[in-house]
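Content type compact mmCIF, C-alpha atoms, from the file run_22.txt:
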```txt
# COMPACT_ATOMS: atom_id res chain seq x y z
CA MET A 1 -43.08 -22.96 150.54
CA ALA A 2 -40.28 -20.49 151.24
CA VAL A 3 -37.56 -22.08 153.30
CA PRO A 4 -36.75 -20.34 156.58
CA PRO A 5 -33.20 -19.06 156.73
CA HIS A 6 -32.05 -21.76 159.10
CA VAL A 7 -32.27 -25.52 159.09
CA LEU A 8 -32.18 -26.83 162.63
CA GLU A 9 -30.62 -30.10 163.71
CA PHE A 10 -31.12 -31.71 167.12
CA SER A 11 -29.09 -34.71 168.17
CA SER A 12 -27.98 -36.73 171.19
CA ASP A 13 -25.80 -39.69 172.00
CA ASP A 14 -28.59 -40.86 174.33
CA ALA A 15 -31.33 -42.75 172.45
CA ALA A 16 -33.83 -41.99 175.22
CA ALA A 17 -33.45 -38.28 174.57
CA VAL A 18 -34.01 -38.47 170.83
CA PRO A 19 -37.85 -38.47 170.83
CA ALA A 20 -37.90 -35.28 172.88
CA LEU A 21 -35.39 -33.67 170.58
CA ASN A 22 -37.34 -34.79 167.52
CA ALA A 23 -40.29 -32.92 168.97
CA LEU A 24 -38.35 -29.73 168.44
CA TYR A 25 -37.30 -30.66 164.95
CA HIS A 26 -40.55 -29.69 163.32
CA ALA A 27 -39.33 -26.15 162.76
CA ALA A 28 -36.90 -27.55 160.27
CA PRO A 29 -38.45 -27.42 156.81
CA VAL A 30 -38.45 -30.39 154.50
CA THR A 31 -35.30 -29.65 152.61
CA SER A 32 -32.13 -31.27 151.52
CA ALA A 33 -30.17 -28.23 152.65
CA PRO A 34 -27.57 -28.96 155.32
CA PRO A 35 -28.30 -27.89 158.90
CA THR A 36 -27.20 -24.38 159.80
CA LEU A 37 -27.98 -24.50 163.52
CA ARG A 38 -27.02 -27.53 165.57
CA TYR A 39 -28.15 -28.38 169.10
CA THR A 40 -26.94 -31.41 171.02
CA LEU A 41 -27.59 -33.17 174.30
CA ILE A 42 -24.58 -35.13 175.53
CA ARG A 43 -25.08 -37.60 178.33
CA ILE A 44 -22.23 -37.55 180.84
CA GLY A 45 -23.75 -39.55 183.71
CA ASP A 46 -26.96 -40.67 185.40
CA ASP A 47 -29.41 -37.90 184.53
CA ALA A 48 -26.49 -35.60 183.86
CA TYR A 49 -26.29 -33.89 180.49
CA VAL A 50 -24.44 -31.10 178.77
CA ALA A 51 -26.35 -29.12 176.16
CA THR A 52 -24.76 -27.23 173.30
CA SER A 53 -26.14 -24.59 171.00
CA PRO A 54 -24.61 -22.38 168.31
CA SER A 55 -24.87 -19.10 170.12
CA ARG A 56 -24.09 -19.85 173.78
CA PRO A 57 -21.44 -21.64 175.84
CA PRO A 58 -22.30 -25.25 176.74
CA PHE A 59 -24.87 -25.63 179.49
CA GLY A 60 -24.50 -28.21 182.26
CA PRO A 61 -23.98 -30.64 183.80
CA ALA A 62 -27.72 -30.55 184.28
CA SER A 63 -30.70 -32.88 184.53
CA PHE A 64 -32.30 -34.06 181.32
CA GLY A 65 -35.24 -31.71 181.83
CA ASP A 66 -33.08 -28.64 182.35
CA ALA A 67 -30.73 -29.48 179.49
CA TRP A 68 -33.67 -30.08 177.18
CA ALA A 69 -35.28 -26.82 178.27
CA PHE A 70 -31.99 -25.04 177.51
CA VAL A 71 -31.91 -26.46 173.98
CA GLU A 72 -35.50 -25.45 173.41
CA TRP A 73 -34.86 -21.95 174.74
CA ARG A 74 -31.86 -21.46 172.47
CA ALA A 75 -33.64 -22.89 169.42
CA ILE A 76 -36.71 -20.68 169.80
CA GLU A 77 -34.56 -17.60 170.38
CA ASP A 78 -32.42 -18.35 167.34
CA VAL A 79 -35.52 -18.81 165.19
CA LEU A 80 -37.26 -15.71 166.54
CA ASN A 81 -34.18 -13.60 165.96
CA ASP A 82 -33.96 -14.59 162.31
CA PRO A 83 -37.39 -15.71 161.08
CA GLY A 84 -36.73 -15.45 157.38
CA PRO A 85 -37.87 -13.06 154.69
CA GLN A 86 -40.84 -11.02 155.86
CA ALA A 87 -41.97 -13.67 158.35
CA VAL A 88 -43.50 -12.64 161.66
CA PHE A 89 -44.57 -14.46 164.81
CA VAL A 90 -47.88 -14.36 166.60
CA HIS A 91 -48.63 -15.18 170.20
CA ALA A 92 -51.24 -17.87 169.52
CA GLY A 93 -51.89 -21.58 169.63
CA GLY A 94 -52.78 -23.70 166.62
CA VAL A 95 -54.56 -27.06 166.42
CA ARG A 96 -55.86 -28.95 163.41
CA ILE A 97 -59.18 -30.71 163.88
CA GLY A 98 -60.34 -32.87 161.00
CA GLY A 99 -58.06 -30.98 158.67
CA ARG A 100 -59.29 -27.58 159.82
CA LEU A 101 -56.71 -25.32 161.42
CA LEU A 102 -57.95 -23.36 164.41
CA LEU A 103 -55.90 -20.56 165.95
CA LEU A 104 -56.27 -19.98 169.69
CA VAL A 105 -55.82 -16.35 170.66
CA GLY A 106 -55.76 -14.86 174.15
CA PRO A 107 -53.47 -13.32 176.73
CA SER A 108 -51.17 -15.36 178.97
CA GLY A 109 -53.26 -17.42 181.36
CA SER A 110 -56.27 -17.57 179.03
CA GLY A 111 -55.86 -21.28 178.42
CA LYS A 112 -54.15 -21.59 175.03
CA SER A 113 -51.66 -24.15 176.28
CA THR A 114 -54.21 -26.17 178.23
CA LEU A 115 -56.59 -26.37 175.28
CA THR A 116 -53.81 -27.18 172.83
CA ALA A 117 -52.58 -29.95 175.12
CA LEU A 118 -56.06 -31.38 175.65
CA LEU A 119 -56.87 -31.36 171.94
CA LEU A 120 -53.48 -32.81 171.09
CA ALA A 121 -54.00 -35.58 173.64
CA ARG A 122 -57.26 -36.40 171.82
CA GLY A 123 -55.30 -36.94 168.62
CA HIS A 124 -55.61 -33.55 166.94
CA PRO A 125 -52.22 -32.50 165.58
CA ALA A 126 -50.89 -29.15 166.72
CA LEU A 127 -48.74 -26.32 165.47
CA GLY A 128 -48.01 -25.12 168.97
CA ASP A 129 -49.53 -23.66 172.09
CA ASP A 130 -47.97 -20.23 172.28
CA VAL A 131 -45.99 -18.98 169.30
CA LEU A 132 -46.65 -19.54 165.60
CA ARG A 133 -44.72 -18.35 162.57
CA PHE A 134 -46.65 -16.56 159.83
CA ALA A 135 -45.22 -16.45 156.31
CA PRO A 136 -46.91 -13.59 154.44
CA SER A 137 -45.86 -14.73 150.99
CA GLU A 138 -47.85 -17.95 151.38
CA GLY A 139 -50.36 -16.70 153.94
CA VAL A 140 -49.76 -19.74 156.12
CA PHE A 141 -48.99 -20.40 159.77
CA SER A 142 -46.40 -22.93 160.86
CA ALA A 143 -44.82 -24.29 164.00
CA VAL A 144 -41.71 -23.16 165.84
CA PRO A 145 -39.43 -25.39 167.95
CA ARG A 146 -41.15 -25.17 171.28
CA SER A 147 -42.56 -27.41 173.97
CA LEU A 148 -45.93 -26.88 175.58
CA LYS A 149 -45.74 -24.91 178.82
CA LEU A 150 -48.34 -26.18 181.26
CA ASP A 151 -49.03 -25.08 184.80
CA ALA A 152 -49.74 -27.66 187.49
CA ASN A 153 -53.52 -27.52 187.00
CA ALA A 154 -53.30 -28.12 183.27
CA PHE A 155 -50.62 -30.77 183.72
CA HIS A 156 -52.83 -32.82 186.01
CA LEU A 157 -55.70 -32.75 183.49
CA LEU A 158 -53.59 -34.81 181.15
CA THR A 159 -52.73 -38.46 181.10
CA LEU A 160 -49.17 -38.84 180.00
CA GLU A 161 -47.99 -42.21 178.85
CA THR A 162 -45.50 -43.72 181.29
CA ARG A 163 -43.06 -44.16 178.45
CA THR A 164 -43.04 -40.48 177.72
CA LYS A 165 -43.12 -39.05 181.21
CA ALA A 166 -39.41 -38.48 180.87
CA LEU A 167 -40.21 -36.03 178.09
CA SER A 168 -41.71 -33.56 180.48
CA SER A 169 -40.04 -31.71 183.27
CA VAL A 170 -40.57 -28.85 185.64
CA GLY A 171 -38.94 -25.88 184.01
CA THR A 172 -36.39 -23.96 185.96
CA LEU A 173 -34.86 -21.81 183.25
CA LEU A 174 -37.67 -19.69 181.95
CA ALA A 175 -40.90 -20.50 183.69
CA ALA A 176 -40.40 -21.85 187.19
CA GLY A 177 -43.29 -24.05 188.19
CA CYS A 178 -44.36 -24.72 184.61
CA HIS A 179 -44.03 -28.15 183.08
CA TYR A 180 -42.21 -28.23 179.76
CA VAL A 181 -44.06 -30.93 177.88
CA SER A 182 -42.92 -32.32 174.60
CA PRO A 183 -45.82 -32.76 172.16
CA VAL A 184 -44.86 -36.42 171.74
CA ALA A 185 -45.65 -36.96 175.42
CA LEU A 186 -49.28 -36.26 174.50
CA CYS A 187 -49.65 -37.72 171.07
CA PRO A 188 -47.10 -39.61 168.97
CA ALA A 189 -48.50 -38.16 165.72
CA TRP A 190 -48.69 -34.59 166.86
CA GLU A 191 -47.17 -32.67 163.99
CA SER A 192 -49.40 -30.46 161.91
CA PRO A 193 -48.38 -29.12 158.50
CA PRO A 194 -48.39 -25.38 157.81
CA GLY A 195 -51.74 -24.00 156.75
CA SER A 196 -54.29 -21.23 156.55
CA PRO A 197 -56.75 -20.86 159.40
CA TRP A 198 -60.27 -22.21 159.18
CA GLY A 199 -61.19 -20.43 162.36
CA VAL A 200 -60.00 -18.26 165.23
CA VAL A 201 -61.00 -18.93 168.82
CA VAL A 202 -60.67 -15.90 171.09
CA LEU A 203 -60.17 -16.97 174.71
CA GLU A 204 -61.26 -14.94 177.72
CA PRO A 205 -58.50 -13.79 180.04
CA ALA A 206 -58.25 -15.42 183.47
CA PRO A 207 -59.86 -15.70 185.94
CA HIS A 208 -62.32 -18.02 184.23
CA ARG A 209 -65.89 -18.18 185.42
CA GLY A 210 -69.08 -20.11 184.64
CA SER A 211 -69.84 -22.99 182.32
CA ALA A 212 -67.89 -23.65 179.17
CA MET A 213 -69.28 -21.59 176.28
CA LEU A 214 -68.26 -21.29 172.66
CA GLU A 215 -70.14 -18.65 170.68
CA ARG A 216 -69.82 -17.11 167.23
CA TYR A 217 -67.81 -13.93 167.39
CA SER A 218 -67.06 -10.93 165.24
CA GLU A 219 -64.59 -12.03 162.56
CA GLY A 220 -63.20 -8.51 162.45
CA GLU A 221 -62.61 -8.37 166.21
CA ALA A 222 -60.95 -11.79 166.12
CA ALA A 223 -58.68 -10.61 163.32
CA VAL A 224 -57.75 -7.52 165.30
CA ARG A 225 -56.91 -9.70 168.33
CA LEU A 226 -54.63 -11.78 166.16
CA LEU A 227 -52.99 -8.66 164.75
CA GLN A 228 -52.43 -7.40 168.28
CA SER A 229 -50.82 -10.71 169.19
CA MET A 230 -48.03 -10.20 166.67
CA LEU A 231 -44.74 -10.30 168.50
CA GLY A 232 -42.85 -7.05 168.91
CA ALA A 233 -40.68 -5.29 166.39
CA GLU A 234 -37.56 -6.79 168.02
CA TYR A 235 -38.44 -10.02 166.21
CA GLY A 236 -38.83 -10.15 162.47
CA PRO A 237 -38.77 -7.57 159.71
CA GLY A 238 -38.81 -3.77 159.76
CA ALA A 239 -41.84 -1.49 159.89
CA GLU A 240 -42.72 -1.59 156.19
CA ALA A 241 -42.51 -5.36 155.99
CA ARG A 242 -44.48 -5.67 159.23
CA MET A 243 -47.28 -3.63 157.69
CA GLU A 244 -47.26 -5.87 154.63
CA ALA A 245 -47.28 -8.91 156.92
CA SER A 246 -50.21 -7.45 158.87
CA LEU A 247 -52.24 -7.01 155.70
CA LYS A 248 -51.41 -10.53 154.53
CA LEU A 249 -52.38 -11.83 157.94
CA LEU A 250 -55.78 -10.13 157.61
CA GLU A 251 -56.15 -11.60 154.13
CA SER A 252 -55.34 -15.08 155.44
CA LEU A 253 -58.40 -14.73 157.68
CA GLY A 254 -60.69 -13.68 154.84
CA ALA A 255 -62.85 -16.79 155.06
CA ALA A 256 -62.13 -17.77 158.65
CA ALA A 257 -64.88 -18.27 161.21
CA ALA A 258 -64.53 -16.65 164.62
CA PHE A 259 -65.56 -17.89 168.05
CA HIS A 260 -65.44 -16.59 171.59
CA ALA A 261 -64.65 -19.12 174.32
CA ARG A 262 -65.01 -18.89 178.06
CA GLY A 263 -65.64 -20.99 181.14
CA THR A 264 -63.85 -22.82 183.90
CA ARG A 265 -63.71 -26.33 182.44
CA PRO A 266 -61.10 -26.68 179.69
CA SER A 267 -62.17 -30.26 178.92
CA ALA A 268 -65.73 -29.13 178.22
CA LEU A 269 -64.39 -26.27 176.10
CA ALA A 270 -62.27 -28.73 174.13
CA ASP A 271 -65.47 -30.76 173.50
CA LEU A 272 -67.20 -27.67 172.10
CA ILE A 273 -64.25 -26.76 169.91
CA GLU A 274 -64.15 -30.29 168.49
CA GLU A 275 -67.87 -30.07 167.80
CA VAL A 276 -67.75 -26.84 165.78
CA ALA A 277 -64.69 -27.84 163.79
CA ARG A 278 -65.99 -31.24 162.71
CA MET B 1 -64.19 10.22 171.97
CA PRO B 2 -64.29 13.95 171.09
CA VAL B 3 -66.83 15.14 168.53
CA SER B 4 -64.96 15.70 165.28
CA ALA B 5 -65.94 17.86 162.35
CA ILE B 6 -66.71 16.08 159.11
CA PRO B 7 -64.76 17.45 156.13
CA ALA B 8 -66.86 18.75 153.22
CA LYS B 9 -65.42 16.04 150.97
CA PRO B 10 -63.86 13.39 153.21
CA HIS B 11 -60.63 11.91 151.91
CA ALA B 12 -59.22 8.69 153.32
CA ARG B 13 -55.56 8.59 154.29
CA PRO B 14 -53.86 6.60 151.54
CA ASP B 15 -51.70 4.65 153.97
CA VAL B 16 -54.71 3.14 155.76
CA ALA B 17 -55.67 -0.23 154.27
CA LEU B 18 -59.06 -1.94 154.17
CA ARG B 19 -59.33 -5.72 154.19
CA ARG B 20 -62.38 -7.98 154.27
CA VAL B 21 -62.44 -10.52 157.12
CA GLY B 22 -65.42 -12.86 157.08
CA SER B 23 -68.58 -10.75 156.97
CA GLU B 24 -66.77 -7.67 158.28
CA TRP B 25 -63.99 -5.35 157.27
CA VAL B 26 -60.88 -4.23 159.10
CA LEU B 27 -59.13 -0.90 158.57
CA PHE B 28 -55.47 -1.19 159.39
CA ASP B 29 -53.66 2.01 160.35
CA ALA B 30 -50.02 0.97 160.44
CA ALA B 31 -48.73 4.46 161.25
CA ARG B 32 -50.63 4.41 164.54
CA ASP B 33 -50.50 0.63 164.93
CA ARG B 34 -54.27 0.49 165.21
CA ALA B 35 -56.99 -1.58 163.58
CA HIS B 36 -60.70 -0.80 163.37
CA VAL B 37 -63.53 -3.22 162.66
CA LEU B 38 -66.12 -1.91 160.19
CA ASN B 39 -69.58 -3.14 159.29
CA LEU B 40 -70.84 -3.11 155.71
CA THR B 41 -72.12 0.46 155.79
CA ALA B 42 -68.89 1.80 157.27
CA ALA B 43 -66.83 -0.10 154.69
CA VAL B 44 -68.91 1.39 151.85
CA VAL B 45 -68.54 4.86 153.35
CA TRP B 46 -64.77 4.33 153.51
CA LYS B 47 -64.75 3.48 149.81
CA TYR B 48 -66.53 6.76 149.11
CA CYS B 49 -63.94 8.74 151.08
CA ASP B 50 -62.08 9.65 147.90
CA GLY B 51 -62.09 13.43 148.26
CA ALA B 52 -64.75 13.72 145.55
CA HIS B 53 -67.95 12.80 147.43
CA GLU B 54 -69.80 14.92 149.97
CA PRO B 55 -71.52 13.11 152.87
CA ASP B 56 -74.97 13.68 151.34
CA ALA B 57 -73.83 12.17 148.05
CA MET B 58 -72.49 9.15 149.91
CA ALA B 59 -75.81 8.72 151.72
CA GLU B 60 -77.75 9.00 148.46
CA ALA B 61 -75.57 6.40 146.76
CA ILE B 62 -75.94 4.00 149.67
CA ALA B 63 -79.71 4.60 149.83
CA GLU B 64 -80.03 3.57 146.19
CA GLY B 65 -78.69 0.16 147.14
CA ILE B 66 -81.04 -0.19 150.14
CA PRO B 67 -84.46 1.01 148.91
CA ALA B 68 -86.23 -0.18 152.05
CA ALA B 69 -84.10 1.94 154.36
CA GLU B 70 -85.14 5.37 155.59
CA PRO B 71 -82.92 7.99 153.82
CA ALA B 72 -82.68 10.12 156.97
CA ALA B 73 -81.45 7.14 158.95
CA ILE B 74 -78.83 6.37 156.31
CA ARG B 75 -77.67 9.99 156.37
CA ARG B 76 -77.30 9.80 160.16
CA ASP B 77 -75.35 6.53 159.88
CA VAL B 78 -73.03 8.00 157.27
CA GLU B 79 -72.38 11.06 159.42
CA ASP B 80 -71.72 8.90 162.48
CA VAL B 81 -69.23 6.81 160.55
CA LEU B 82 -67.48 9.87 159.11
CA ARG B 83 -67.26 11.45 162.55
CA ARG B 84 -65.63 8.26 163.81
CA PHE B 85 -63.18 8.21 160.90
CA ALA B 86 -62.29 11.84 161.60
CA ALA B 87 -61.91 11.29 165.34
CA GLU B 88 -59.61 8.31 164.73
CA GLY B 89 -57.43 10.39 162.41
CA LEU B 90 -58.21 8.18 159.42
CA LEU B 91 -58.97 11.09 157.09
CA GLN B 92 -56.45 13.49 155.60
```

Turn this file's structure into structure tokens for me.
Amino acid sequence: MAVPPHVLEFSSDDAAAVPALNALYHAAPVTSAPPTLRYTLIRIGDDAYVATSPSRPPFGPASFGDAWAFVEWRAIEDVLNDPGPQAVFVHAGGVRIGGRLLLLVGPSGSGKSTLTALLLARGHPALGDDVLRFAPSEGVFSAVPRSLKLDANAFHLLTLETRTKALSSVGTLLAAGCHYVSPVALCPAWESPPGSPWGVVVLEPAPHRGSAMLERYSEGEAAVRLLQSMLGAEYGPGAEARMEASLKLLESLGAAAAFHARGTRPSALADLIEEVAR
Amino acid sequence: MPVSAIPAKPHARPDVALRRVGSEWVLFDAARDRAHVLNLTAAVVWKYCDGAHEPDAMAEAIAEGIPAAEPAAIRRDVEDVLRRFAAEGLLQ
């Protein structure tokens, strides 16, 4: 697999912070290359931290949650701004069920994060809930360094282990009122390797109505939705490379199944998604 | 969508790409940042949009592959598809 242009390193002098930082580390490819971007959380007192990143002045003193959110924000921005040769990003979730990678596509508020979190909490490893990297040369999707962003309703659907409650916090930097949840707060073995999609689930925009339903859907329409979810030209390659990436993205979906999901009960929808993917 | 005239020998824009996705096809028009989902008939019609085939010839060729289908119905389908291609600016 082509190595992204940057190797990220997250570290802290506080052992309690390391699991949360490790949750961001999955964007770093398996490589012996030295880190090129370093992010640190330095503890300076009771729940007082200073966060550092390559491209900004130090942030803090701040609570653990805010300092962690700062590190995540800087890491995702740094990765998005330099994704590597030809790579693009799509606004989608990704979960692997029984080895099959499902992409979750839908506008903000459609339930990508809630479903990703629910499925992850059931032991299905995830690529992410909101942004995925697509490498055209390999035709595979992979994770970016990002926590799950859950609103209060979604957050209360989940049972977080007491041990890992510290890994989630109410965000104040980017999404006030949202909980920034580390994947490890939901499932210790959360990481999913890069892969090609087995299926695409297109989610209805909010507001959600009626019983949970998962139906077969036009593969072409699902592919178009995924194309439309590609992040803007400010991230990634120029126009010609974006066209090439778009075609490769379509080709990566050549054998993928497509589903349309709707309904008010995310848990029931997660049941249905598990059922079709098994 | 406005009614568009069908060229005598429709010719696909060379910069528009066709890709198969599952049981369907997607035409990707990068210049206009648009994508169109095609069924089998529309995808076959697109393949015949080479500047050498007239709509009737396309319909005849498709009819040969679907003996059970009514030729007039196939001709109508082909014309509908070509009108859509023309209206979407996919032909040159």

For this session: Please provide the set of residues having any atom within 7 Å of range 52-58 of chain A, restricted to all atoms listed in the file, with same-chain residues fewer than 6 positions apart removed, written as an MDAnalysis selection string.
Result: chainID A and resid 37:41 71 74

Exercise. Any idea which chain B residues end up within 10 Å of chain A if we count only C-alpha atoms, as a count of residues only please?
Worked result: 22

Exercise. Counting only C-alpha atoms, what is within 10 Å of Asp14 in chain A, bar same-chain residues fewer than 6 positions away, as a count of residues only?
Worked result: 5

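Between CA of Val201 in chain A and CA of Pro107 in chain A lies a distance of 12.3 Å.
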
For this session: Would you please work out which residue, of A:Val131, A:Ala277, A:Val140, A:Met213, is nearest to Gly99 in chain A when using only C-alpha atoms?
Result: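 Smallest separation from Gly99 in chain A among the options: A:Ala277.
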
For this session: Would you be able to write out as a list in words which residues have an atom within 10 Å of (-61.5, 11.8, 159.9) in the file's coordinates, counting all atoms listed in the file?
Result: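 Checking each residue against the 10 Å limit leaves Ser4, Ala5, Ile6, Pro7, Pro10, His11, Ala12, Arg13, Cys49, Val81, Leu82, Arg83, Arg84, Phe85, Ala86, Ala87, Glu88, Gly89, Leu90, Leu91 and Gln92 of chain B.
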
Exercise. Please, which residues are within 12 Å of (-62.6, -32.2, 174.5) by the file's coordinates, counting only C-alpha atoms, and could they come as a list in words?
Worked result: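 Output: Ile97, Thr114, Leu115, Thr116, Ala117, Leu118, Leu119, Leu120, Ala121, Arg122, Gly123, His124, Leu157, Leu158, Ala212, Arg265, Pro266, Ser267, Ala268, Leu269, Ala270, Asp271, Leu272, Ile273, Glu274, Glu275, Val276 and Ala277 of chain A.
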
Problem set entry | Two-atom distance - CA of Ser63 in chain A, CA of Tyr180 in chain A (Å) |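 Distance reported for this atom pair: 13.3 Å.
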
For this session: Can you pull out every residue within 10 Å of Pro34 in chain A, counting all atoms listed in the file, but drop anything in the same chain fewer than 6 positions away, and send it as a count of residues only?
Result: 4

Please provide as a PDB file with C-alpha atoms, in the coordinates of the input all residues within 8 Å of Glu215 in chain A, with the sequence filter that same-chain residues fewer than 5 positions apart are discarded (counting all atoms listed in the file).
```
ATOM      1  CA  PHE A 259     -65.560 -17.890 168.050  1.00  0.00           C
ATOM      2  CA  HIS A 260     -65.440 -16.590 171.590  1.00  0.00           C
ATOM      3  CA  ALA A 261     -64.650 -19.120 174.320  1.00  0.00           C
TER       4      ALA A 261
END
```

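Here CA of Val50 in chain A and CA of Ala69 in chain A stand 11.7 Å from one another.
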
Exercise. Of the candidates A:Val181, A:Ala245, A:Ala135, A:Ala62, which shows the shortest atom-to-atom distance to Leu21 in chain A, using only C-alpha atoms?
Worked result: A:Val181

For this session: Might you pull out every residue within 6 Å of range 189-197 of chain A, with all atoms listed in the file counted and same-chain residues fewer than 5 positions away left off, and present them as a list of chain:residue names?
Result: A:Leu101, A:Leu102, A:Pro125, A:Ala126, A:Leu127, A:Val140, A:Phe141, A:Ser142

Store the residues of this selection in a file with C-alpha atoms, as a PDB file, keeping the file's coordinate frame.
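Output contents, as saved in part_33.pdb:
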```pdb
ATOM      1  CA  LEU A 101     -56.710 -25.320 161.420  1.00  0.00           C
ATOM      2  CA  LEU A 102     -57.950 -23.360 164.410  1.00  0.00           C
ATOM      3  CA  PRO A 125     -52.220 -32.500 165.580  1.00  0.00           C
ATOM      4  CA  ALA A 126     -50.890 -29.150 166.720  1.00  0.00           C
ATOM      5  CA  LEU A 127     -48.740 -26.320 165.470  1.00  0.00           C
ATOM      6  CA  VAL A 140     -49.760 -19.740 156.120  1.00  0.00           C
ATOM      7  CA  PHE A 141     -48.990 -20.400 159.770  1.00  0.00           C
ATOM      8  CA  SER A 142     -46.400 -22.930 160.860  1.00  0.00           C
TER       9      SER A 142
END
```

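Between Ala42 in chain B and the candidates B:Val16, B:Ala68, B:Ala73, B:Ile62, the tightest atom-to-atom separation, counting all atoms listed in the file, involves B:Ile62.
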